[in-house]
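**Student:** Pasting a structure below so you can have a look.
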Amino acid sequence: MRIALYQPDQAGNVGTILRLAACLGVAVDIIEPCGFPWGDRALRRAGMDYAEIANVTRHASWEAFEAQLGGRLMLLTTAGGTPLPGERFEPDDILLLGSESAGVPPAVHERAASRIRIPQAPGTRSLNIAVAAGIGLAEALRQTNGWPR
């Protein structure tokens, strides 16, 4: 199981996701460009010392990331057709989240094996991506018995 972040905008969210991934033993792919300089203070503050132990791979572009894909690409998106509880995950899935400001472009939507939405209360627009990553990852790990031992 991996988390992939497509051109993230907010260093604090990336730091939080790196901390989540380090604690749960999940690798993270960062698909650049980022909307902040790598090593930003907000990234360090949110990730704390966990960011240093996170398994992170940075990719210069979508094409570079796509060239090394090894599992199914599972896009978490507010435009998804499959509700999270109805999705069936596999251990080598890659949970992809788009940038906070723009999500992912149509070509990336099309590349995903599944487009998954987290059900929300009526009248709400979207979750913070770090929160969405945590919810999606928890369900995927539960289904695949992938929690750290």
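Naming scheme: A, B, ... for chains in displayed order of the structure tokens; residues 1 onward per chain; ligands 1 onward as shown.
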List as a PDB file with C-alpha atoms, in the first residue's frame the protein and nucleic acid residues near Arg115 of chain A, meaning an atom at most 10 Å away when only C-alpha atoms are counted, but skip any in the same chain fewer than 2 places from it.
**Tutor:**
ATOM      1  CA  LEU A  73      -4.068   3.560  -8.940  1.00  0.00           C
ATOM      2  CA  MET A  74      -6.992   4.345  -6.619  1.00  0.00           C
ATOM      3  CA  LEU A  75      -7.991   8.016  -6.784  1.00  0.00           C
ATOM      4  CA  LEU A  76      -9.661   9.568  -3.751  1.00  0.00           C
ATOM      5  CA  THR A  77     -11.779  12.392  -5.185  1.00  0.00           C
ATOM      6  CA  THR A  78     -14.941  14.332  -4.465  1.00  0.00           C
ATOM      7  CA  ALA A  79     -15.863  13.521  -8.101  1.00  0.00           C
ATOM      8  CA  GLY A  80     -15.628   9.778  -7.471  1.00  0.00           C
ATOM      9  CA  GLY A  81     -18.402   7.402  -8.368  1.00  0.00           C
ATOM     10  CA  THR A  82     -17.582   4.626  -5.909  1.00  0.00           C
ATOM     11  CA  PRO A  83     -18.287   5.319  -2.215  1.00  0.00           C
ATOM     12  CA  LEU A  84     -15.328   4.329  -0.012  1.00  0.00           C
ATOM     13  CA  GLU A  87     -14.476  -0.225  -2.772  1.00  0.00           C
ATOM     14  CA  LEU A  96      -3.750   8.949  -5.036  1.00  0.00           C
ATOM     15  CA  HIS A 109      -8.815  10.657 -13.548  1.00  0.00           C
ATOM     16  CA  GLU A 110      -8.967   8.405 -16.589  1.00  0.00           C
ATOM     17  CA  ARG A 111      -5.757   6.568 -15.618  1.00  0.00           C
ATOM     18  CA  ALA A 112      -7.135   5.578 -12.194  1.00  0.00           C
ATOM     19  CA  ALA A 113      -8.463   2.047 -11.772  1.00  0.00           C
ATOM     20  CA  ARG A 117     -15.379   9.328  -2.810  1.00  0.00           C
TER      21      ARG A 117
END
**Student:** Set the distance at 12 Å and use only C-alpha atoms: which residues neighbour segment 64-68 of chain A once local chain neighbours fewer than 5 positions away are removed? I'd like the list as a list in words.
**Tutor:**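 Non-adjacent residues within range: Ala4, Leu5, Tyr6, Gln7, Val28, Asp29, Ile30, Ile31, Glu32, Pro33, Thr57, Arg58, His59, Leu73, Ile94, Leu96, Ala107, Val108, Arg111 and Ala112 of chain A.
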**Student:** Tell me, which residues of segment 26-131 of chain A carry DSSP strand (DSSP E or B), written as a list in words?
**Tutor:**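 Listing strand (DSSP E or B) positions across segment 26-131 of chain A yields Ala27, Val28, Asp29, Ile30, Ile31, Val56, Thr57, Arg58, His59, Leu73, Met74, Leu75, Leu76, Thr82, Pro83, Ile94, Leu95, Leu96, Leu97, Ser99, Gly103, Ser114, Arg115, Ile116 and Arg117 of chain A.
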**Student:** Keeping only N, CA and C atoms, write the selected residues to a file as an mmCIF file, in the first residue's frame.
**Tutor:**
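The resulting part.cif:
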data_model
loop_
_atom_site.group_PDB
_atom_site.id
_atom_site.type_symbol
_atom_site.label_atom_id
_atom_site.label_comp_id
_atom_site.auth_asym_id
_atom_site.auth_seq_id
_atom_site.Cartn_x
_atom_site.Cartn_y
_atom_site.Cartn_z
ATOM 1 N N ALA A 27 4.553 3.783 2.350
ATOM 2 C CA ALA A 27 5.404 4.668 1.552
ATOM 3 C C ALA A 27 4.569 5.784 0.925
ATOM 4 N N VAL A 28 5.245 6.899 0.609
ATOM 5 C CA VAL A 28 4.585 8.060 0.007
ATOM 6 C C VAL A 28 5.320 8.460 -1.266
ATOM 7 N N ASP A 29 4.557 8.713 -2.318
ATOM 8 C CA ASP A 29 5.089 9.254 -3.563
ATOM 9 C C ASP A 29 4.622 10.693 -3.684
ATOM 10 N N ILE A 30 5.555 11.598 -3.940
ATOM 11 C CA ILE A 30 5.238 13.005 -4.168
ATOM 12 C C ILE A 30 5.458 13.270 -5.660
ATOM 13 N N ILE A 31 4.390 13.657 -6.341
ATOM 14 C CA ILE A 31 4.465 13.949 -7.767
ATOM 15 C C ILE A 31 4.585 15.461 -7.916
ATOM 16 N N VAL A 56 9.770 8.201 1.486
ATOM 17 C CA VAL A 56 9.270 9.141 0.486
ATOM 18 C C VAL A 56 10.056 9.011 -0.811
ATOM 19 N N THR A 57 9.319 8.969 -1.921
ATOM 20 C CA THR A 57 9.925 9.027 -3.242
ATOM 21 C C THR A 57 9.344 10.236 -3.955
ATOM 22 N N ARG A 58 10.223 11.106 -4.432
ATOM 23 C CA ARG A 58 9.788 12.280 -5.186
ATOM 24 C C ARG A 58 9.943 11.994 -6.679
ATOM 25 N N HIS A 59 8.925 12.376 -7.440
ATOM 26 C CA HIS A 59 8.907 12.178 -8.883
ATOM 27 C C HIS A 59 8.841 13.544 -9.555
ATOM 28 N N LEU A 73 -3.979 2.168 -9.349
ATOM 29 C CA LEU A 73 -4.068 3.560 -8.940
ATOM 30 C C LEU A 73 -5.499 3.828 -8.497
ATOM 31 N N MET A 74 -5.680 4.147 -7.219
ATOM 32 C CA MET A 74 -6.992 4.345 -6.619
ATOM 33 C C MET A 74 -7.114 5.817 -6.216
ATOM 34 N N LEU A 75 -7.882 6.580 -6.978
ATOM 35 C CA LEU A 75 -7.991 8.016 -6.784
ATOM 36 C C LEU A 75 -9.075 8.350 -5.775
ATOM 37 N N LEU A 76 -8.690 9.037 -4.709
ATOM 38 C CA LEU A 76 -9.661 9.568 -3.751
ATOM 39 C C LEU A 76 -10.047 10.958 -4.241
ATOM 40 N N THR A 82 -17.500 5.751 -6.843
ATOM 41 C CA THR A 82 -17.582 4.626 -5.909
ATOM 42 C C THR A 82 -17.434 5.133 -4.477
ATOM 43 N N PRO A 83 -18.445 4.918 -3.626
ATOM 44 C CA PRO A 83 -18.287 5.319 -2.215
ATOM 45 C C PRO A 83 -17.212 4.445 -1.544
ATOM 46 N N ILE A 94 -2.250 1.901 -4.775
ATOM 47 C CA ILE A 94 -1.671 3.219 -4.556
ATOM 48 C C ILE A 94 -2.831 4.188 -4.413
ATOM 49 N N LEU A 95 -2.962 4.792 -3.238
ATOM 50 C CA LEU A 95 -4.029 5.754 -2.985
ATOM 51 C C LEU A 95 -3.544 7.127 -3.426
ATOM 52 N N LEU A 96 -4.155 7.671 -4.458
ATOM 53 C CA LEU A 96 -3.750 8.949 -5.036
ATOM 54 C C LEU A 96 -4.691 10.053 -4.582
ATOM 55 N N LEU A 97 -4.098 11.170 -4.152
ATOM 56 C CA LEU A 97 -4.855 12.364 -3.798
ATOM 57 C C LEU A 97 -4.327 13.530 -4.609
ATOM 58 N N SER A 99 -4.031 17.745 -5.775
ATOM 59 C CA SER A 99 -3.644 18.977 -5.089
ATOM 60 C C SER A 99 -4.863 19.595 -4.426
ATOM 61 N N GLY A 103 -7.138 19.478 -7.535
ATOM 62 C CA GLY A 103 -7.357 18.043 -7.702
ATOM 63 C C GLY A 103 -6.374 17.459 -8.696
ATOM 64 N N SER A 114 -9.877 3.160 -10.145
ATOM 65 C CA SER A 114 -11.121 3.473 -9.457
ATOM 66 C C SER A 114 -11.074 4.912 -8.972
ATOM 67 N N ARG A 115 -12.236 5.561 -8.991
ATOM 68 C CA ARG A 115 -12.391 6.923 -8.476
ATOM 69 C C ARG A 115 -13.338 6.851 -7.287
ATOM 70 N N ILE A 116 -12.779 7.083 -6.116
ATOM 71 C CA ILE A 116 -13.453 6.791 -4.851
ATOM 72 C C ILE A 116 -13.788 8.092 -4.127
ATOM 73 N N ARG A 117 -15.011 8.165 -3.623
ATOM 74 C CA ARG A 117 -15.379 9.328 -2.810
ATOM 75 C C ARG A 117 -15.678 8.875 -1.384
#
**Student:** As an MDAnalysis selection string, please: every residue in chain A that a backbone DSSP assignment puts in alpha helix (DSSP H).
**Tutor:** chainID A and resid 11:24 41:47 50:53 62:67 106:111 129:144
**Student:** Rank A:Gly12, A:Leu69, A:Ser126, A:Pro119 by their smallest atom-to-atom distance to Phe36 of chain A, using only C-alpha atoms, and report the top residue only.
**Tutor:**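 Counting only C-alpha atoms, the residue closest to Phe36 of chain A is A:Gly12.
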**Student:** Which one of A:Trp147, A:Arg41, A:Gly15, A:Ile118 sits closest to Ile135 of chain A if you count only C-alpha atoms?
**Tutor:**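 Counting only C-alpha atoms, the residue closest to Ile135 of chain A is A:Ile118.
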**Student:** Measuring atom to atom with only C-alpha atoms, identify which of A:Phe89, A:Thr16, A:Gly71, A:Gln10 is nearest to Gly146 of chain A.
**Tutor:**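 Smallest separation from Gly146 of chain A among the options: A:Phe89.
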**Student:** Could you pull the residues within 7 Å of Glu100 of chain A, counting only C-alpha atoms, minus those fewer than 6 positions along the same chain, as a list in words?
**Tutor:**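 Everything that qualifies: Pro8, Asp9 and Ile129 of chain A.
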**Student:** Could you tell me how far atom CA of Leu18 of chain A lies from atom CA of Pro105 of chain A, in Å and to one decimal?
**Tutor:** 23.5 Å
**Student:** Name the closest residue to Cys23 of chain A among the candidates A:Ala11, A:Gln143, A:Leu137, A:Trp62; distances are taken between atoms, counting only C-alpha atoms.
**Tutor:** A:Leu137
**Student:** Restricting the calculation to only C-alpha atoms: of A:Arg142, A:Ala54, A:Val14, A:Arg19, which residue gets closest to Pro37 of chain A?
**Tutor:**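 Checking each candidate against Pro37 of chain A, we get A:Val14 as the closest.
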**Student:** Let me make sure I understand: among A:Ala51, A:Gly136, A:Val26, A:Ser101, which one has the smallest atom-to-atom distance to Trp38 of chain A if we use only C-alpha atoms?
**Tutor:**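 Going through A:Ala51, A:Gly136, A:Val26, A:Ser101 one by one, the smallest distance to Trp38 of chain A is for A:Ala51.
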